[in-house]
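Below is start_23.pdb, which holds PDB, C-alpha atoms and all ligand atoms.
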```pdb
ATOM      1  CA  MET A  66      89.872 -46.439  34.511
ATOM      2  CA  ARG A  67      87.487 -45.564  37.355
ATOM      3  CA  ARG A  68      88.065 -42.488  39.460
ATOM      4  CA  VAL A  69      88.335 -43.956  42.969
ATOM      5  CA  PRO A  70      89.333 -41.363  45.589
ATOM      6  CA  SER A  71      92.493 -42.630  47.260
ATOM      7  CA  ALA A  72      94.518 -41.419  50.216
ATOM      8  CA  LEU A  73      98.022 -42.262  51.401
ATOM      9  CA  SER A  74      99.269 -42.225  54.991
ATOM     10  CA  ILE A  75     102.979 -41.870  55.715
ATOM     11  CA  ALA A  76     103.245 -42.742  59.398
ATOM     12  CA  GLY A  77     104.275 -45.119  62.170
ATOM     13  CA  THR A  78     102.532 -48.263  63.402
ATOM     14  CA  ASP A  79     100.402 -49.238  66.395
ATOM     15  CA  PRO A  80      99.871 -52.993  66.768
ATOM     16  CA  THR A  81      96.765 -52.371  68.898
ATOM     17  CA  GLY A  82      95.181 -50.634  65.908
ATOM     18  CA  GLY A  83      94.228 -47.367  67.591
ATOM     19  CA  ALA A  84      96.768 -44.876  66.252
ATOM     20  CA  GLY A  85      99.249 -44.436  63.397
ATOM     21  CA  ILE A  86      98.715 -46.078  60.007
ATOM     22  CA  HIS A  87      96.212 -48.551  61.438
ATOM     23  CA  ALA A  88      93.912 -45.735  62.561
ATOM     24  CA  ASP A  89      94.515 -43.928  59.278
ATOM     25  CA  LEU A  90      93.530 -46.913  57.118
ATOM     26  CA  LYS A  91      90.367 -47.512  59.141
ATOM     27  CA  THR A  92      89.506 -43.842  58.833
ATOM     28  CA  PHE A  93      90.166 -43.719  55.083
ATOM     29  CA  GLN A  94      87.800 -46.667  54.636
ATOM     30  CA  GLU A  95      85.075 -45.078  56.768
ATOM     31  CA  CYS A  96      85.463 -41.758  54.980
ATOM     32  CA  LYS A  97      85.125 -43.434  51.576
ATOM     33  CA  ALA A  98      88.662 -43.215  50.243
ATOM     34  CA  TYR A  99      90.812 -46.162  49.145
ATOM     35  CA  GLY A 100      93.554 -46.319  51.783
ATOM     36  CA  MET A 101      97.298 -46.823  51.293
ATOM     37  CA  ALA A 102     100.197 -46.609  53.752
ATOM     38  CA  VAL A 103     103.964 -46.130  53.873
ATOM     39  CA  VAL A 104     105.496 -47.204  57.198
ATOM     40  CA  THR A 105     108.079 -44.804  58.681
ATOM     41  CA  SER A 106     108.661 -46.435  62.087
ATOM     42  CA  VAL A 107     107.576 -49.707  63.638
ATOM     43  CA  VAL A 108     106.357 -48.934  67.147
ATOM     44  CA  ALA A 109     105.818 -51.461  69.921
ATOM     45  CA  GLN A 110     102.982 -49.697  71.743
ATOM     46  CA  ASN A 111      99.546 -50.255  73.177
ATOM     47  CA  THR A 112      96.869 -48.202  74.917
ATOM     48  CA  LYS A 113      99.141 -47.956  77.987
ATOM     49  CA  GLY A 114     102.247 -46.561  76.313
ATOM     50  CA  VAL A 115     105.184 -46.999  73.968
ATOM     51  CA  GLN A 116     107.595 -49.851  74.672
ATOM     52  CA  ASP A 117     110.039 -49.506  71.772
ATOM     53  CA  VAL A 118     110.532 -47.849  68.385
ATOM     54  CA  TRP A 119     112.392 -49.115  65.328
ATOM     55  CA  HIS A 120     112.861 -46.673  62.456
ATOM     56  CA  VAL A 121     112.546 -48.054  58.938
ATOM     57  CA  PRO A 122     115.778 -47.365  56.993
ATOM     58  CA  LEU A 123     115.577 -44.245  54.808
ATOM     59  CA  GLU A 124     116.070 -46.093  51.533
ATOM     60  CA  MET A 125     113.153 -48.372  52.377
ATOM     61  CA  VAL A 126     110.897 -45.386  53.129
ATOM     62  CA  GLU A 127     111.902 -43.984  49.750
ATOM     63  CA  LYS A 128     111.230 -47.292  47.974
ATOM     64  CA  GLN A 129     107.787 -47.576  49.581
ATOM     65  CA  MET A 130     106.870 -44.030  48.573
ATOM     66  CA  LYS A 131     108.084 -44.468  45.013
ATOM     67  CA  ALA A 132     106.212 -47.779  44.718
ATOM     68  CA  VAL A 133     102.935 -46.051  45.593
ATOM     69  CA  LEU A 134     103.446 -42.805  43.698
ATOM     70  CA  GLU A 135     104.326 -44.469  40.390
ATOM     71  CA  ASP A 136     101.341 -46.817  40.555
ATOM     72  CA  ILE A 137      98.174 -45.702  42.388
ATOM     73  CA  ARG A 138      98.682 -41.963  42.626
ATOM     74  CA  PRO A 139      96.906 -40.759  45.776
ATOM     75  CA  ASN A 140      94.393 -37.900  45.625
ATOM     76  CA  ALA A 141      95.599 -36.774  49.045
ATOM     77  CA  VAL A 142      98.465 -37.594  51.397
ATOM     78  CA  LYS A 143      98.729 -37.316  55.171
ATOM     79  CA  THR A 144     101.873 -37.553  57.225
ATOM     80  CA  GLY A 145     101.925 -38.655  60.857
ATOM     81  CA  MET A 146     104.931 -39.872  62.834
ATOM     82  CA  ILE A 147     108.152 -38.940  61.029
ATOM     83  CA  ALA A 148     110.625 -39.165  63.849
ATOM     84  CA  THR A 149     114.068 -38.160  62.626
ATOM     85  CA  PRO A 150     115.409 -35.081  60.797
ATOM     86  CA  GLU A 151     116.775 -37.297  57.991
ATOM     87  CA  MET A 152     113.394 -38.915  57.457
ATOM     88  CA  ILE A 153     111.576 -35.570  57.403
ATOM     89  CA  GLU A 154     114.019 -34.362  54.753
ATOM     90  CA  LYS A 155     113.568 -37.512  52.663
ATOM     91  CA  VAL A 156     109.751 -37.417  52.825
ATOM     92  CA  ALA A 157     109.686 -33.680  52.061
ATOM     93  CA  ASP A 158     112.004 -34.164  49.049
ATOM     94  CA  LEU A 159     109.743 -36.893  47.666
ATOM     95  CA  LEU A 160     106.498 -34.932  48.186
ATOM     96  CA  ASP A 161     107.815 -31.566  46.976
ATOM     97  CA  GLY A 162     106.395 -30.737  43.547
ATOM     98  CA  GLN A 163     103.934 -33.679  43.498
ATOM     99  CA  ASP A 164     100.905 -31.367  43.460
ATOM    100  CA  ILE A 165      98.892 -33.632  45.789
ATOM    101  CA  PRO A 166      96.923 -32.123  48.728
ATOM    102  CA  LEU A 167      98.975 -32.765  51.859
ATOM    103  CA  VAL A 168      97.768 -32.916  55.463
ATOM    104  CA  ILE A 169     100.537 -32.747  58.030
ATOM    105  CA  ASP A 170      99.830 -34.040  61.523
ATOM    106  CA  PRO A 171     103.015 -32.965  63.347
ATOM    107  CA  VAL A 172     103.065 -35.951  65.708
ATOM    108  CA  MET A 173     105.488 -35.321  68.582
ATOM    109  CA  VAL A 174     104.164 -37.071  71.692
ATOM    110  CA  ALA A 175     101.660 -39.948  72.154
ATOM    111  CA  THR A 176      98.586 -39.627  74.407
ATOM    112  CA  SER A 177     100.527 -41.728  76.916
ATOM    113  CA  GLY A 178     103.189 -38.985  77.107
ATOM    114  CA  ASP A 179     105.872 -40.960  75.236
ATOM    115  CA  SER A 180     107.954 -39.018  72.718
ATOM    116  CA  LEU A 181     107.519 -39.967  69.046
ATOM    117  CA  MET A 182     109.814 -37.370  67.464
ATOM    118  CA  GLU A 183     113.473 -36.471  68.032
ATOM    119  CA  GLN A 184     113.894 -32.900  69.309
ATOM    120  CA  GLU A 185     116.251 -31.957  66.462
ATOM    121  CA  SER A 186     113.395 -32.633  64.011
ATOM    122  CA  THR A 187     111.418 -29.515  64.960
ATOM    123  CA  SER A 188     113.287 -27.058  62.751
ATOM    124  CA  LEU A 189     113.035 -29.342  59.692
ATOM    125  CA  MET A 190     109.350 -29.859  60.401
ATOM    126  CA  LYS A 191     108.982 -26.063  60.321
ATOM    127  CA  ASN A 192     111.261 -25.303  57.387
ATOM    128  CA  ARG A 193     110.700 -28.276  55.054
ATOM    129  CA  LEU A 194     107.252 -29.728  55.780
ATOM    130  CA  MET A 195     105.185 -26.695  56.793
ATOM    131  CA  PRO A 196     105.519 -24.896  53.431
ATOM    132  CA  LEU A 197     104.232 -28.031  51.648
ATOM    133  CA  ALA A 198     101.144 -28.397  53.865
ATOM    134  CA  HIS A 199      97.621 -27.768  52.616
ATOM    135  CA  VAL A 200      96.487 -28.332  56.189
ATOM    136  CA  VAL A 201      98.574 -28.697  59.353
ATOM    137  CA  THR A 202      96.841 -30.131  62.432
ATOM    138  CA  PRO A 203      98.841 -29.577  65.662
ATOM    139  CA  ASN A 204      97.413 -30.092  69.139
ATOM    140  CA  ILE A 205      98.131 -27.339  71.651
ATOM    141  CA  ALA A 206     101.547 -28.669  72.724
ATOM    142  CA  GLU A 207     102.646 -29.210  69.116
ATOM    143  CA  ALA A 208     101.452 -25.702  68.143
ATOM    144  CA  GLU A 209     103.482 -24.301  71.044
ATOM    145  CA  THR A 210     106.609 -26.159  69.906
ATOM    146  CA  LEU A 211     106.198 -25.069  66.287
ATOM    147  CA  THR A 212     105.420 -21.396  66.989
ATOM    148  CA  GLY A 213     107.266 -20.790  70.259
ATOM    149  CA  LEU A 214     104.058 -19.281  71.701
ATOM    150  CA  SER A 215     102.574 -20.209  75.054
ATOM    151  CA  ILE A 216      98.947 -21.190  74.370
ATOM    152  CA  LYS A 217      96.562 -20.962  77.310
ATOM    153  CA  THR A 218      93.564 -19.313  75.630
ATOM    154  CA  GLN A 219      91.640 -19.646  72.381
ATOM    155  CA  LYS A 220      92.908 -16.221  71.303
ATOM    156  CA  GLU A 221      96.488 -17.530  71.658
ATOM    157  CA  ALA A 222      95.496 -20.640  69.685
ATOM    158  CA  GLU A 223      94.147 -18.338  66.947
ATOM    159  CA  GLN A 224      97.465 -16.499  66.922
ATOM    160  CA  ALA A 225      99.336 -19.802  66.548
ATOM    161  CA  ALA A 226      97.085 -20.882  63.650
ATOM    162  CA  LYS A 227      97.799 -17.579  61.908
ATOM    163  CA  MET A 228     101.561 -17.958  62.424
ATOM    164  CA  LEU A 229     101.550 -21.476  60.942
ATOM    165  CA  VAL A 230      99.941 -20.110  57.786
ATOM    166  CA  ASP A 231     101.112 -16.501  57.437
ATOM    167  CA  ASP A 232     104.706 -17.005  58.645
ATOM    168  CA  MET A 233     105.469 -20.690  58.050
ATOM    169  CA  GLY A 234     103.737 -21.254  54.724
ATOM    170  CA  ALA A 235     100.977 -23.821  55.371
ATOM    171  CA  SER A 236      97.789 -23.120  53.393
ATOM    172  CA  ALA A 237      95.567 -23.782  56.401
ATOM    173  CA  ALA A 238      95.939 -24.707  60.065
ATOM    174  CA  VAL A 239      93.708 -26.527  62.540
ATOM    175  CA  VAL A 240      94.846 -25.990  66.131
ATOM    176  CA  LYS A 241      93.071 -28.772  68.044
ATOM    177  CA  GLY A 242      91.552 -28.016  71.416
ATOM    178  CA  GLY A 243      91.269 -31.563  72.747
ATOM    179  CA  HIS A 244      93.603 -30.686  75.626
ATOM    180  CA  PHE A 245      91.738 -27.511  76.645
ATOM    181  CA  THR A 246      88.881 -27.744  79.149
ATOM    182  CA  GLY A 247      85.186 -27.213  78.373
ATOM    183  CA  ASP A 248      83.803 -27.910  74.907
ATOM    184  CA  ALA A 249      86.162 -29.556  72.396
ATOM    185  CA  THR A 250      86.837 -26.545  70.175
ATOM    186  CA  ASP A 251      89.276 -26.624  67.260
ATOM    187  CA  ILE A 252      90.409 -23.468  65.511
ATOM    188  CA  LEU A 253      90.582 -23.450  61.717
ATOM    189  CA  TYR A 254      92.443 -20.702  59.855
ATOM    190  CA  VAL A 255      92.037 -20.759  56.084
ATOM    191  CA  ASN A 256      91.735 -18.081  53.394
ATOM    192  CA  GLY A 257      92.443 -15.375  55.980
ATOM    193  CA  GLN A 258      89.440 -16.426  58.082
ATOM    194  CA  ILE A 259      89.204 -17.954  61.573
ATOM    195  CA  ASP A 260      86.456 -20.521  62.295
ATOM    196  CA  TYR A 261      85.648 -22.231  65.577
ATOM    197  CA  LEU A 262      84.612 -25.889  65.277
ATOM    198  CA  THR A 263      82.979 -26.918  68.506
ATOM    199  CA  ALA A 264      81.621 -30.223  69.819
ATOM    200  CA  PRO A 265      80.543 -31.207  73.334
ATOM    201  CA  ARG A 266      83.412 -32.766  75.282
ATOM    202  CA  THR A 267      82.935 -36.495  75.923
ATOM    203  CA  ASP A 268      84.012 -37.481  79.412
ATOM    204  CA  THR A 269      86.412 -40.292  78.493
ATOM    205  CA  ASN A 270      90.075 -41.280  78.560
ATOM    206  CA  HIS A 271      89.600 -43.335  75.370
ATOM    207  CA  THR A 272      91.253 -40.793  73.077
ATOM    208  CA  HIS A 273      94.192 -42.818  71.741
ATOM    209  CA  GLY A 274      94.514 -41.957  68.054
ATOM    210  CA  THR A 275      92.129 -38.989  67.935
ATOM    211  CA  GLY A 276      94.719 -36.757  66.279
ATOM    212  CA  CYS A 277      95.702 -39.431  63.730
ATOM    213  CA  SER A 278      92.078 -40.152  62.862
ATOM    214  CA  LEU A 279      91.077 -36.495  62.509
ATOM    215  CA  SER A 280      93.933 -35.747  60.102
ATOM    216  CA  ALA A 281      93.276 -38.951  58.116
ATOM    217  CA  SER A 282      89.629 -37.978  57.777
ATOM    218  CA  ILE A 283      90.647 -34.528  56.493
ATOM    219  CA  ALA A 284      92.887 -36.221  53.890
ATOM    220  CA  ALA A 285      90.082 -38.563  52.787
ATOM    221  CA  GLU A 286      87.699 -35.622  52.455
ATOM    222  CA  LEU A 287      90.243 -33.676  50.374
ATOM    223  CA  ALA A 288      90.805 -36.780  48.224
ATOM    224  CA  ARG A 289      87.062 -36.749  47.513
ATOM    225  CA  GLY A 290      87.367 -33.194  46.193
ATOM    226  CA  ASN A 291      85.976 -31.261  49.157
ATOM    227  CA  THR A 292      87.309 -27.824  50.101
ATOM    228  CA  ILE A 293      89.519 -27.469  53.167
ATOM    229  CA  LYS A 294      86.660 -25.946  55.162
ATOM    230  CA  GLU A 295      84.255 -28.739  54.190
ATOM    231  CA  ALA A 296      86.918 -31.372  54.861
ATOM    232  CA  VAL A 297      87.705 -30.075  58.351
ATOM    233  CA  THR A 298      84.027 -29.568  59.253
ATOM    234  CA  ASN A 299      83.038 -33.097  58.165
ATOM    235  CA  SER A 300      86.080 -34.545  59.928
ATOM    236  CA  LYS A 301      85.155 -32.827  63.183
ATOM    237  CA  THR A 302      81.744 -34.550  63.005
ATOM    238  CA  PHE A 303      83.468 -37.881  62.271
ATOM    239  CA  ILE A 304      85.912 -37.673  65.197
ATOM    240  CA  SER A 305      83.308 -36.387  67.663
ATOM    241  CA  GLN A 306      81.099 -39.424  67.011
ATOM    242  CA  ALA A 307      84.099 -41.793  67.109
ATOM    243  CA  ILE A 308      85.031 -40.429  70.561
ATOM    244  CA  HIS A 309      81.458 -40.278  71.875
ATOM    245  CA  ASP A 310      80.424 -43.832  70.858
ATOM    246  CA  THR A 311      83.360 -45.346  72.699
ATOM    247  CA  LEU A 312      84.328 -49.003  72.300
ATOM    248  CA  GLY A 313      85.617 -49.147  75.854
ATOM    249  CA  ILE A 314      88.497 -51.504  75.102
ATOM    250  CA  GLY A 315      92.129 -51.408  76.209
ATOM    251  CA  LYS A 316      93.753 -51.239  79.644
ATOM    252  CA  GLY A 317      94.896 -47.619  79.223
ATOM    253  CA  ASN A 318      93.742 -44.796  76.922
ATOM    254  CA  GLY A 319      91.594 -46.893  74.598
ATOM    255  CA  PRO A 320      91.063 -46.368  70.866
ATOM    256  CA  VAL A 321      88.237 -44.373  69.283
ATOM    257  CA  ASN A 322      85.374 -46.083  67.464
ATOM    258  CA  HIS A 323      86.196 -45.567  63.791
ATOM    259  CA  TRP A 324      83.102 -47.340  62.574
ATOM    260  CA  ALA A 325      80.717 -45.562  64.947
ATOM    261  CA  SER A 326      78.395 -44.392  62.184
ATOM    262  CA  ARG A 327      77.708 -47.985  61.033
ATOM    263  CA  LEU A 328      78.100 -50.010  64.210
ATOM    264  CA  LYS A 329      74.797 -50.997  65.817
ATOM    265  CA  LYS A 330      74.497 -51.712  69.529
ATOM    266  CA  ASP A 331      73.794 -55.399  68.808
ATOM    267  CA  ASP A 332      77.095 -55.751  66.909
ATOM    268  CA  ILE A 333      79.060 -55.331  70.134
ATOM    269  CA  LEU A 334      79.374 -58.537  72.142
ATOM    270  CA  VAL A 335      78.929 -58.094  75.876
TER     271      VAL A 335
HETATM  272  N1  LIG A 401      87.074 -35.671  75.161
HETATM  273  C1  LIG A 401      86.806 -35.221  73.928
HETATM  274  N2  LIG A 401      85.533 -35.025  73.526
HETATM  275  C2  LIG A 401      85.266 -34.583  72.279
HETATM  276  N3  LIG A 401      86.206 -34.286  71.379
HETATM  277  C3  LIG A 401      87.499 -34.442  71.725
HETATM  278  C4  LIG A 401      87.885 -34.929  73.013
HETATM  279  N4  LIG A 401      89.249 -35.005  73.080
HETATM  280  C5  LIG A 401      89.695 -34.612  71.869
HETATM  281  N5  LIG A 401      88.662 -34.243  71.064
HETATM  282  C6  LIG A 401      88.755 -33.814  69.671
HETATM  283  O1  LIG A 401      89.571 -34.792  69.012
HETATM  284  C7  LIG A 401      90.395 -34.170  68.028
HETATM  285  C8  LIG A 401      91.859 -34.421  68.350
HETATM  286  O2  LIG A 401      92.252 -33.445  69.293
HETATM  287  P1  LIG A 401      93.462 -33.528  70.310
HETATM  288  O3  LIG A 401      93.730 -32.143  70.768
HETATM  289  O4  LIG A 401      93.142 -34.543  71.350
HETATM  290  O5  LIG A 401      94.587 -34.058  69.340
HETATM  291  P2  LIG A 401      95.869 -34.895  69.660
HETATM  292  O6  LIG A 401      96.459 -34.466  70.956
HETATM  293  O7  LIG A 401      96.730 -34.857  68.469
HETATM  294  O8  LIG A 401      95.276 -36.313  69.823
HETATM  295  P3  LIG A 401      95.698 -37.334  70.958
HETATM  296  O9  LIG A 401      95.035 -36.873  72.239
HETATM  297  O10 LIG A 401      95.146 -38.597  70.430
HETATM  298  O11 LIG A 401      97.193 -37.284  71.001
HETATM  299  C9  LIG A 401      89.965 -32.697  68.046
HETATM  300  O12 LIG A 401      88.937 -32.498  67.117
HETATM  301  C10 LIG A 401      89.490 -32.507  69.469
HETATM  302  O13 LIG A 401      88.640 -31.391  69.610
HETATM  303  C1  LIG A 402     102.563 -44.448  65.318
HETATM  304  C2  LIG A 402     101.855 -43.420  66.111
HETATM  305  N1  LIG A 402     101.535 -42.251  65.541
HETATM  306  C3  LIG A 402     100.901 -41.312  66.252
HETATM  307  C4  LIG A 402     100.554 -41.534  67.550
HETATM  308  C5  LIG A 402      99.862 -40.456  68.337
HETATM  309  O1  LIG A 402      98.587 -40.824  68.585
HETATM  310  P1  LIG A 402      97.985 -40.509  69.990
HETATM  311  O2  LIG A 402      98.601 -39.223  70.431
HETATM  312  O3  LIG A 402      96.546 -40.355  69.704
HETATM  313  O4  LIG A 402      98.336 -41.639  70.884
HETATM  314  C6  LIG A 402     100.884 -42.777  68.133
HETATM  315  N2  LIG A 402     100.572 -43.081  69.396
HETATM  316  N3  LIG A 402     101.534 -43.696  67.382
END
```

Translate the structure described by the file into structure tokens.
Ligand SMILES: Nc1ncnc2c1ncn2[C@@H]1O[C@H](COP(=O)(O)OP(=O)(O)OP(=O)(O)O)[C@@H](O)[C@H]1O
Ligand SMILES: Cc1ncc(COP(=O)(O)O)c(N)n1
Amino acid sequence: MRRVPSALSIAGTDPTGGAGIHADLKTFQECKAYGMAVVTSVVAQNTKGVQDVWHVPLEMVEKQMKAVLEDIRPNAVKTGMIATPEMIEKVADLLDGQDIPLVIDPVMVATSGDSLMEQESTSLMKNRLMPLAHVVTPNIAEAETLTGLSIKTQKEAEQAAKMLVDDMGASAAVVKGGHFTGDATDILYVNGQIDYLTAPRTDTNHTHGTGCSLSASIAAELARGNTIKEAVTNSKTFISQAIHDTLGIGKGNGPVNHWASRLKKDDILV
């Protein structure tokens, strides 16, 4: 048997291909991991917003997860949209004890402002998923919800990252600064150390799926055997280029350019 790095996404869908499992699979491919996906919710959405959500029945989520885990065992897993408390519990039960690096993107609200998680899910996210996480990747609003802190400064973001690890049991935290102003600076807390990962801010509204793609890239990097610090650093480079080399498609907040590193100018039809 060959050792092919593989990564599994457990997340919701986006028929326009910019967020959710679609973004994750594109990212896995670009970051050189064989991609797999378990669908948690089918979402009717586009770059303008969310129109409707249909949750996959719990037993079908379980069957999908078991089908993957007993066959092509992933070298890393990432979770995205897991909307209901029951589904969080089910996914946590199935991942507990698997000994597979786990990246948790605590998806709560889409770029468009539409809610993607029921409010009652927050405590289960904290109590059941956080302790299983190798890396948790909240944006500012999600870090505020999880920690109860108000985060207006980078020092407060540092404090939140520390709480997610020291108090809630994740091994590492990346508090993403995409919604701050100035440079796009993310704060990584791992092995008792804070690191600032900074990239110039691209002036664009085409940021649909940035959070999904960053966390999927971290999972692919972990699947390839990189350390958490290497994985997060390489993923920051990946997402910065994907945002900078925009595709410019979509009537709202357009998707990022997952294949930016390979796409030549002449490949785009104008
Ligand atoms: N305009 C930008 N220019 C450069 N990097 C950005 C920009 N916006 C976000 N980022 C980066 O993209 C990644 C995702 O961060 P963000 O805080 O936007 O997450 P998110 O809110 O989960 O994603 P989304 O906005 O898609 O919901 C981070 O690495 C962040 O620094
Ligand atoms: C299925 C799904 N998962 C996650 C997001 C968040 O992505 P974003 O906040 O970048 O729109 C989304 N819109 N849809």

Could you state which residues are captured by the PyMOL selection byres (((chain A and resi 179-188) around 8) and not hetatm) in this file, as a VMD selection string?
chain A and resid 114 to 115 146 to 150 153 172 to 178 189 to 192 210 to 211

Show which residues sit within 6 Å of range 255-267 of chain A, as a CSV table (one decimal) with C-alpha atoms, keeping the file's coordinate frame. Count all atoms listed in the file, and ignore same-chain residues fewer than 5 positions away.
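File out_31.csv, as written:
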```csv
chain,number,residue,atom,x,y,z
A,237,ALA,CA,95.6,-23.8,56.4
A,248,ASP,CA,83.8,-27.9,74.9
A,249,ALA,CA,86.2,-29.6,72.4
A,250,THR,CA,86.8,-26.5,70.2
A,309,HIS,CA,81.5,-40.3,71.9
```

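Contacts with ligand LIG 402 (chain A) are defined as any residue atom within 6 Å of a ligand atom, using all atoms listed in the file; the residues meeting this criterion are Gly77, Thr78, Asp79, Ala84, Gly85, Gly145, Met146, Val172, Ala175, Thr176, His273, Gly274, Thr275, Gly276 and Cys277 of chain A.
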
For the structure shown, which residues end up in the PyMOL selection byres (((chain A and resi 128-134) around 9) and not hetatm)? Put them as a PyMOL selection string, please?
chain A and resi 73+75+101-104+123-127+135-139+156+159

Scan for residues within 7 Å of the point (89.8, -24.6, 72.2) in the coordinates of the file, using all atoms listed in the file, and reply as a PyMOL selection string.
chain A and resi 219+241-242+245+249-252

What's the separation between CA of Asp268 in chain A and atom P1 of ligand LIG 401 (chain A), in Å to one decimal place?
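Atom P1 of ligand LIG 401 (chain A) lies 13.7 Å from CA of Asp268 in chain A.
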